[in-house]
>>> print(open('query.txt').read())   # compact mmCIF, C-alpha atoms
# COMPACT_ATOMS: atom_id res chain seq x y z
CA ASN A 18 -44.10 -140.39 -5.54
CA THR A 19 -42.32 -139.53 -8.79
CA ASP A 20 -45.55 -137.98 -10.13
CA LEU A 21 -45.29 -135.17 -7.55
CA VAL A 22 -43.28 -132.58 -9.42
CA GLY A 23 -43.25 -128.81 -9.42
CA PRO A 24 -44.20 -126.40 -6.61
CA PHE A 25 -46.56 -127.70 -3.94
CA GLU A 26 -48.80 -124.70 -4.53
CA ASP A 27 -49.60 -125.93 -8.04
CA ASN A 28 -50.20 -129.53 -7.02
CA PRO A 29 -53.87 -130.46 -6.38
CA ASP A 30 -52.77 -133.29 -4.07
CA PHE A 31 -51.66 -130.76 -1.44
CA VAL A 32 -53.43 -128.07 0.58
CA ILE A 33 -51.07 -125.30 1.67
CA SER A 34 -51.72 -123.44 4.91
CA SER A 35 -49.58 -120.62 6.27
CA GLY A 36 -49.53 -118.43 9.34
CA PRO A 37 -47.25 -116.52 11.71
CA THR A 38 -44.78 -118.14 14.08
CA ASN A 39 -42.87 -116.84 17.09
CA GLY A 40 -39.57 -117.24 15.23
CA GLU A 41 -37.24 -114.32 14.56
CA PHE A 42 -34.55 -114.69 11.91
CA THR A 43 -31.78 -112.68 13.52
CA LEU A 44 -28.46 -111.26 12.41
CA GLY A 45 -26.36 -111.87 15.51
CA LEU A 46 -23.62 -109.38 16.39
CA ASN A 47 -20.90 -110.28 18.87
CA ASN A 48 -20.79 -107.28 21.20
CA ALA A 49 -17.44 -108.46 22.58
CA GLU A 50 -15.78 -107.61 19.25
CA GLU A 51 -14.10 -104.21 19.57
CA ALA A 52 -15.89 -102.56 16.65
CA LEU A 53 -19.24 -104.20 17.37
CA SER A 54 -19.13 -102.99 20.97
CA ASN A 55 -19.76 -99.53 19.49
CA PRO A 56 -23.51 -98.85 19.08
CA LEU A 57 -22.78 -96.64 16.06
CA VAL A 58 -21.31 -99.61 14.20
CA ARG A 59 -24.28 -101.79 15.06
CA GLN A 60 -26.62 -99.04 13.88
CA ALA A 61 -24.63 -98.69 10.66
CA ILE A 62 -24.98 -102.40 9.96
CA THR A 63 -28.72 -102.15 10.51
CA HIS A 64 -29.04 -99.19 8.13
CA ALA A 65 -26.92 -100.99 5.51
CA ILE A 66 -29.25 -103.97 5.05
CA ASP A 67 -32.48 -103.77 3.05
CA ARG A 68 -34.52 -106.07 5.28
CA PRO A 69 -37.76 -105.95 3.23
CA ALA A 70 -35.72 -107.21 0.27
CA ILE A 71 -34.61 -110.21 2.34
CA LEU A 72 -38.25 -111.30 2.57
CA ASP A 73 -38.17 -111.83 -1.19
CA LEU A 74 -35.43 -114.40 -0.62
CA PHE A 75 -37.86 -116.24 1.69
CA ASN A 76 -40.51 -116.27 -1.06
CA GLY A 77 -42.21 -113.26 0.48
CA TYR A 78 -42.92 -114.90 3.83
CA GLY A 79 -42.20 -112.97 7.01
CA THR A 80 -42.61 -109.56 8.60
CA VAL A 81 -39.94 -106.95 9.17
CA VAL A 82 -40.08 -105.79 12.79
CA GLY A 83 -38.28 -103.05 14.70
CA MET A 84 -37.63 -105.11 17.82
CA PRO A 85 -36.68 -108.73 18.57
CA VAL A 86 -40.23 -109.74 19.51
CA PRO A 87 -42.78 -111.35 17.16
CA PRO A 88 -46.01 -109.40 16.55
CA MET A 89 -48.27 -111.97 18.25
CA ASP A 90 -46.40 -111.67 21.57
CA PRO A 91 -47.94 -109.38 24.26
CA TRP A 92 -44.51 -107.75 24.65
CA TYR A 93 -44.47 -106.65 21.01
CA GLU A 94 -44.37 -102.93 20.30
CA ASP A 95 -44.84 -101.56 16.78
CA ILE A 96 -41.54 -99.71 16.52
CA ASP A 97 -40.45 -98.49 13.10
CA PRO A 98 -37.39 -100.45 11.97
CA TYR A 99 -34.21 -98.58 11.11
CA PRO A 100 -34.69 -97.62 7.45
CA PHE A 101 -32.48 -98.93 4.69
CA ASP A 102 -30.06 -96.01 4.27
CA PRO A 103 -26.55 -96.88 3.02
CA GLU A 104 -25.41 -93.25 3.13
CA ARG A 105 -26.42 -92.98 6.78
CA ALA A 106 -24.58 -96.24 7.42
CA LYS A 107 -21.39 -94.74 5.96
CA GLU A 108 -21.82 -91.62 8.08
CA LEU A 109 -22.18 -93.68 11.24
CA LEU A 110 -19.10 -95.75 10.41
CA ALA A 111 -17.11 -92.57 9.92
CA GLU A 112 -18.42 -91.14 13.17
CA ALA A 113 -17.34 -94.33 14.93
CA GLY A 114 -13.84 -93.97 13.51
CA TYR A 115 -14.12 -96.54 10.72
CA ALA A 116 -14.33 -94.34 7.63
CA ASP A 117 -11.74 -96.60 5.97
CA GLY A 118 -13.95 -99.65 6.48
CA LEU A 119 -14.16 -102.75 8.61
CA GLU A 120 -13.75 -106.48 8.14
CA PHE A 121 -15.76 -109.20 9.86
CA ASP A 122 -16.14 -112.97 9.66
CA PHE A 123 -19.71 -114.14 9.08
CA VAL A 124 -20.25 -117.66 10.49
CA TYR A 125 -23.45 -118.78 8.76
CA PRO A 126 -25.40 -122.03 9.37
CA ASN A 127 -25.52 -123.68 5.96
CA HIS A 128 -29.05 -125.05 6.30
CA TYR A 129 -30.42 -121.54 5.75
CA PRO A 130 -30.64 -120.13 2.21
CA MET A 131 -27.20 -119.10 1.00
CA SER A 132 -28.87 -116.36 -1.01
CA VAL A 133 -29.61 -114.56 2.27
CA ALA A 134 -25.98 -114.72 3.39
CA ASP A 135 -24.74 -113.56 -0.02
CA PHE A 136 -27.21 -110.66 0.10
CA VAL A 137 -25.97 -109.52 3.52
CA VAL A 138 -22.34 -109.78 2.38
CA ALA A 139 -23.08 -107.63 -0.68
CA GLN A 140 -25.08 -105.04 1.23
CA LEU A 141 -22.43 -104.56 3.90
CA GLY A 142 -19.76 -104.44 1.22
CA ASP A 143 -21.58 -101.50 -0.36
CA VAL A 144 -20.95 -99.39 2.76
CA GLY A 145 -17.32 -100.42 3.22
CA ILE A 146 -17.67 -103.46 5.48
CA THR A 147 -15.81 -106.48 4.13
CA VAL A 148 -17.50 -109.71 5.20
CA ASN A 149 -15.78 -113.09 5.01
CA LEU A 150 -18.58 -115.62 4.66
CA GLU A 151 -18.01 -118.99 6.34
CA PRO A 152 -20.88 -121.48 5.86
CA VAL A 153 -20.83 -124.12 8.61
CA ASP A 154 -22.79 -127.12 9.81
CA PHE A 155 -25.25 -126.09 12.53
CA GLN A 156 -24.95 -129.02 14.92
CA GLY A 157 -21.30 -129.87 14.47
CA VAL A 158 -19.78 -126.38 14.17
CA TRP A 159 -22.21 -123.52 14.85
CA LEU A 160 -23.47 -124.73 18.23
CA PRO A 161 -20.06 -125.36 19.83
CA ARG A 162 -18.21 -122.51 18.11
CA VAL A 163 -20.75 -119.66 18.05
CA TYR A 164 -23.25 -120.52 20.75
CA GLY A 165 -20.68 -122.16 23.01
CA ASP A 166 -17.31 -120.47 22.50
CA ARG A 167 -18.68 -117.21 20.99
CA ASP A 168 -15.97 -117.40 18.34
CA TYR A 169 -17.54 -115.18 15.68
CA ALA A 170 -18.27 -111.58 14.72
CA LEU A 171 -21.46 -111.91 12.65
CA THR A 172 -23.84 -114.83 12.48
CA ALA A 173 -27.48 -115.55 11.66
CA VAL A 174 -29.97 -117.89 13.24
CA LEU A 175 -33.69 -118.44 13.60
CA HIS A 176 -34.72 -117.88 17.23
CA VAL A 177 -37.92 -119.74 18.09
CA GLU A 178 -38.01 -119.74 21.89
CA PRO A 179 -40.90 -117.74 23.40
CA ARG A 180 -39.89 -114.58 25.25
CA ASP A 181 -36.34 -114.98 24.01
CA ILE A 182 -35.86 -111.21 24.33
CA GLY A 183 -34.90 -112.19 27.89
CA ASN A 184 -31.61 -113.45 26.49
CA TYR A 185 -30.46 -109.83 26.33
CA ALA A 186 -30.48 -109.82 30.14
CA ARG A 187 -28.68 -113.10 30.82
CA VAL A 188 -25.60 -112.60 33.00
CA THR A 189 -23.31 -114.78 35.08
CA GLU A 190 -22.77 -114.43 38.83
CA ASP A 191 -19.73 -112.31 37.95
CA GLY A 192 -21.87 -109.88 35.96
CA GLU A 193 -20.65 -111.01 32.55
CA SER A 194 -22.97 -111.72 29.63
CA ASP A 195 -24.21 -115.30 29.68
CA TYR A 196 -25.40 -115.41 26.07
CA TYR A 197 -23.60 -115.63 22.76
CA TRP A 198 -24.41 -112.02 21.74
CA ASN A 199 -22.24 -110.80 24.66
CA PHE A 200 -24.69 -107.95 25.21
CA ASN A 201 -24.38 -106.49 28.71
CA ASN A 202 -26.55 -103.57 29.83
CA ALA A 203 -27.62 -103.09 33.45
CA GLU A 204 -30.81 -101.20 32.63
CA VAL A 205 -31.95 -103.90 30.21
CA GLN A 206 -31.17 -106.57 32.79
CA ASP A 207 -33.22 -104.77 35.43
CA LEU A 208 -36.27 -104.18 33.23
CA LEU A 209 -36.36 -107.63 31.68
CA GLY A 210 -35.66 -109.32 34.99
CA ARG A 211 -38.61 -107.58 36.60
CA ALA A 212 -40.84 -108.18 33.58
CA LEU A 213 -40.11 -111.91 33.66
CA ALA A 214 -40.58 -112.12 37.44
CA THR A 215 -43.97 -110.44 37.84
CA ALA A 216 -47.23 -112.38 37.58
CA ASP A 217 -49.09 -109.18 36.65
CA LEU A 218 -49.43 -109.27 32.83
CA GLU A 219 -50.05 -105.52 32.42
CA GLU A 220 -47.03 -104.68 34.59
CA SER A 221 -44.94 -107.21 32.70
CA ILE A 222 -45.87 -105.64 29.35
CA GLU A 223 -45.18 -102.11 30.62
CA LEU A 224 -41.76 -103.11 31.95
>>> encode(input="query.txt", output="structure tokens")
Amino acid sequence: NTDLVGPFEDNPDFVISSGPTNGEFTLGLNNAEEALSNPLVRQAITHAIDRPAILDLFNGYGTVVGMPVPPMDPWYEDIDPYPFDPERAKELLAEAGYADGLEFDFVYPNHYPMSVADFVVAQLGDVGITVNLEPVDFQGVWLPRVYGDRDYALTAVLHVEPRDIGNYARVTEDGESDYYWNFNNAEVQDLLGRALATADLEESIEL
């Protein structure tokens, strides 16, 4: 209808409802990359990005959380997120041996707002991390290249599967990571494996 112009919120023909989802918009880090295998570098990246400011790019919708679990999930714990602290990010990079900076490719699905990708590129640039942004088609490029071949350093994607924190514990029979983050930690695998296996909800939450 050509008469429907302007924001939906201002149009009396529409009723807008909103609420939480179980989706987490995630900056994915490839732990198989030499620099990203260092927890100090991953912490530096987290400190370098003003996550509350990203919500403004999503029109104010969303909640910043300190763990990869949505607030309505029983496994959620109200952990304070790493604060936005560019100076701390620089200190961590120096401690990790990258005082002169780093360079990463950022393979970004182009159906998400480009303003978010540009914001991340700028924020990381402010602490000495050069980011080469590569917008790609999700189905044709991102799925086979990032999710399949794990050919990336940084990426971003909306995770919507319930209990997808279990992906941190996915391993092959050979003990290698079986998920595109390439995160491999025996303690995490043990705890999440037991939490997913038990039928006792309280025990599952505690694990």
>>> closest_residue(input="query.txt", among="A:Pro103, A:Pro88, A:Val188, A:Gln156", to="Ala139 of chain A", atoms="only C-alpha atoms")
A:Pro103
>>> closest_residue(input="query.txt", among="A:Pro161, A:Pro91, A:Pro152, A:Gly77", to="Arg180 of chain A", atoms="all atoms listed in the file")
A:Pro91
>>> closest_residue(input="query.txt", among="A:Thr63, A:Ser194, A:Asn39, A:Asn127", to="Pro87 of chain A", atoms="all atoms listed in the file")
A:Asn39
>>> closest_residue(input="query.txt", among="A:Val205, A:Ala70, A:Ile146, A:Val158", to="Asp117 of chain A", atoms="only C-alpha atoms")
A:Ile146
>>> residues_around(input="query.txt", residues="segment 213-215 of chain A", least_positions_apart="3", cutoff="12 Å", atoms="only C-alpha atoms", output="ChimeraX atom specification")
/A:92,179-184,186-187,205-210,218-224
>>> decode(input="query.txt", residues="segment 84-113 of chain A", atoms="N, CA, C and O atoms", output="tab-separated table (two decimals), in the first residue's frame")
chain	number	residue	atom	x	y	z
A	84	MET	N	27.56	-12.89	29.60
A	84	MET	CA	27.79	-14.29	29.26
A	84	MET	C	26.93	-14.61	28.04
A	84	MET	O	25.96	-13.91	27.75
A	85	PRO	N	27.26	-15.66	27.30
A	85	PRO	CA	26.52	-15.98	26.07
A	85	PRO	C	25.24	-16.77	26.33
A	85	PRO	O	24.99	-17.81	25.71
A	86	VAL	N	24.43	-16.26	27.24
A	86	VAL	CA	23.15	-16.89	27.58
A	86	VAL	C	22.13	-15.78	27.74
A	86	VAL	O	22.40	-14.79	28.43
A	87	PRO	N	20.95	-15.89	27.13
A	87	PRO	CA	19.94	-14.83	27.26
A	87	PRO	C	19.32	-14.82	28.65
A	87	PRO	O	19.24	-15.86	29.32
A	88	PRO	N	18.87	-13.66	29.12
A	88	PRO	CA	18.40	-13.53	30.50
A	88	PRO	C	17.21	-14.42	30.86
A	88	PRO	O	17.02	-14.72	32.04
A	89	MET	N	16.40	-14.84	29.89
A	89	MET	CA	15.24	-15.66	30.23
A	89	MET	C	15.56	-17.15	30.35
A	89	MET	O	14.71	-17.95	30.71
A	90	ASP	N	16.81	-17.52	30.10
A	90	ASP	CA	17.22	-18.92	30.18
A	90	ASP	C	17.57	-19.27	31.62
A	90	ASP	O	18.22	-18.48	32.31
A	91	PRO	N	17.19	-20.45	32.13
A	91	PRO	CA	17.55	-20.84	33.50
A	91	PRO	C	19.06	-20.85	33.75
A	91	PRO	O	19.49	-20.72	34.90
A	92	TRP	N	19.86	-21.02	32.70
A	92	TRP	CA	21.30	-21.06	32.87
A	92	TRP	C	21.91	-19.66	32.97
A	92	TRP	O	23.10	-19.53	33.22
A	93	TYR	N	21.12	-18.63	32.79
A	93	TYR	CA	21.65	-17.27	32.81
A	93	TYR	C	22.16	-16.89	34.20
A	93	TYR	O	21.55	-17.22	35.21
A	94	GLU	N	23.29	-16.22	34.24
A	94	GLU	CA	23.82	-15.67	35.47
A	94	GLU	C	24.15	-14.20	35.22
A	94	GLU	O	24.73	-13.85	34.18
A	95	ASP	N	23.76	-13.34	36.15
A	95	ASP	CA	23.91	-11.90	35.96
A	95	ASP	C	25.35	-11.48	36.26
A	95	ASP	O	25.67	-10.96	37.32
A	96	ILE	N	26.22	-11.74	35.30
A	96	ILE	CA	27.64	-11.42	35.41
A	96	ILE	C	27.88	-10.05	34.78
A	96	ILE	O	27.40	-9.78	33.68
A	97	ASP	N	28.61	-9.19	35.47
A	97	ASP	CA	28.92	-7.88	34.90
A	97	ASP	C	29.76	-8.05	33.64
A	97	ASP	O	30.79	-8.74	33.67
A	98	PRO	N	29.35	-7.42	32.55
A	98	PRO	CA	30.16	-7.49	31.32
A	98	PRO	C	31.50	-6.79	31.53
A	98	PRO	O	31.66	-5.94	32.41
A	99	TYR	N	32.49	-7.16	30.71
A	99	TYR	CA	33.74	-6.42	30.71
A	99	TYR	C	33.42	-4.97	30.37
A	99	TYR	O	32.73	-4.70	29.38
A	100	PRO	N	33.91	-4.02	31.14
A	100	PRO	CA	33.58	-2.62	30.86
A	100	PRO	C	34.31	-2.11	29.61
A	100	PRO	O	35.37	-2.61	29.24
A	101	PHE	N	33.72	-1.11	29.00
A	101	PHE	CA	34.37	-0.43	27.89
A	101	PHE	C	35.55	0.36	28.43
A	101	PHE	O	35.39	1.30	29.21
A	102	ASP	N	36.76	-0.05	28.07
A	102	ASP	CA	37.98	0.53	28.64
A	102	ASP	C	39.10	0.43	27.62
A	102	ASP	O	39.91	-0.52	27.67
A	103	PRO	N	39.17	1.36	26.67
A	103	PRO	CA	40.21	1.28	25.62
A	103	PRO	C	41.63	1.26	26.17
A	103	PRO	O	42.49	0.57	25.60
A	104	GLU	N	41.88	1.98	27.25
A	104	GLU	CA	43.24	1.99	27.80
A	104	GLU	C	43.61	0.61	28.35
A	104	GLU	O	44.74	0.15	28.19
A	105	ARG	N	42.66	-0.04	28.99
A	105	ARG	CA	42.90	-1.40	29.48
A	105	ARG	C	43.12	-2.34	28.30
A	105	ARG	O	43.96	-3.26	28.37
A	106	ALA	N	42.39	-2.14	27.22
A	106	ALA	CA	42.56	-2.96	26.03
A	106	ALA	C	43.99	-2.83	25.50
A	106	ALA	O	44.63	-3.83	25.15
A	107	LYS	N	44.51	-1.61	25.46
A	107	LYS	CA	45.89	-1.40	24.99
A	107	LYS	C	46.90	-2.08	25.91
A	107	LYS	O	47.88	-2.66	25.45
A	108	GLU	N	46.65	-1.99	27.22
A	108	GLU	CA	47.54	-2.64	28.17
A	108	GLU	C	47.57	-4.15	27.96
A	108	GLU	O	48.65	-4.78	28.01
A	109	LEU	N	46.41	-4.73	27.74
A	109	LEU	CA	46.34	-6.18	27.54
A	109	LEU	C	47.04	-6.60	26.26
A	109	LEU	O	47.71	-7.63	26.21
A	110	LEU	N	46.87	-5.80	25.20
A	110	LEU	CA	47.55	-6.11	23.94
A	110	LEU	C	49.07	-6.06	24.13
A	110	LEU	O	49.79	-6.92	23.61
A	111	ALA	N	49.54	-5.08	24.87
A	111	ALA	CA	50.97	-4.98	25.13
A	111	ALA	C	51.45	-6.17	25.96
A	111	ALA	O	52.52	-6.74	25.68
A	112	GLU	N	50.66	-6.54	26.96
A	112	GLU	CA	51.03	-7.68	27.79
A	112	GLU	C	51.09	-8.96	26.98
A	112	GLU	O	51.90	-9.86	27.25
A	113	ALA	N	50.24	-9.06	25.97
A	113	ALA	CA	50.21	-10.25	25.11
A	113	ALA	C	51.31	-10.23	24.06
A	113	ALA	O	51.47	-11.21	23.32
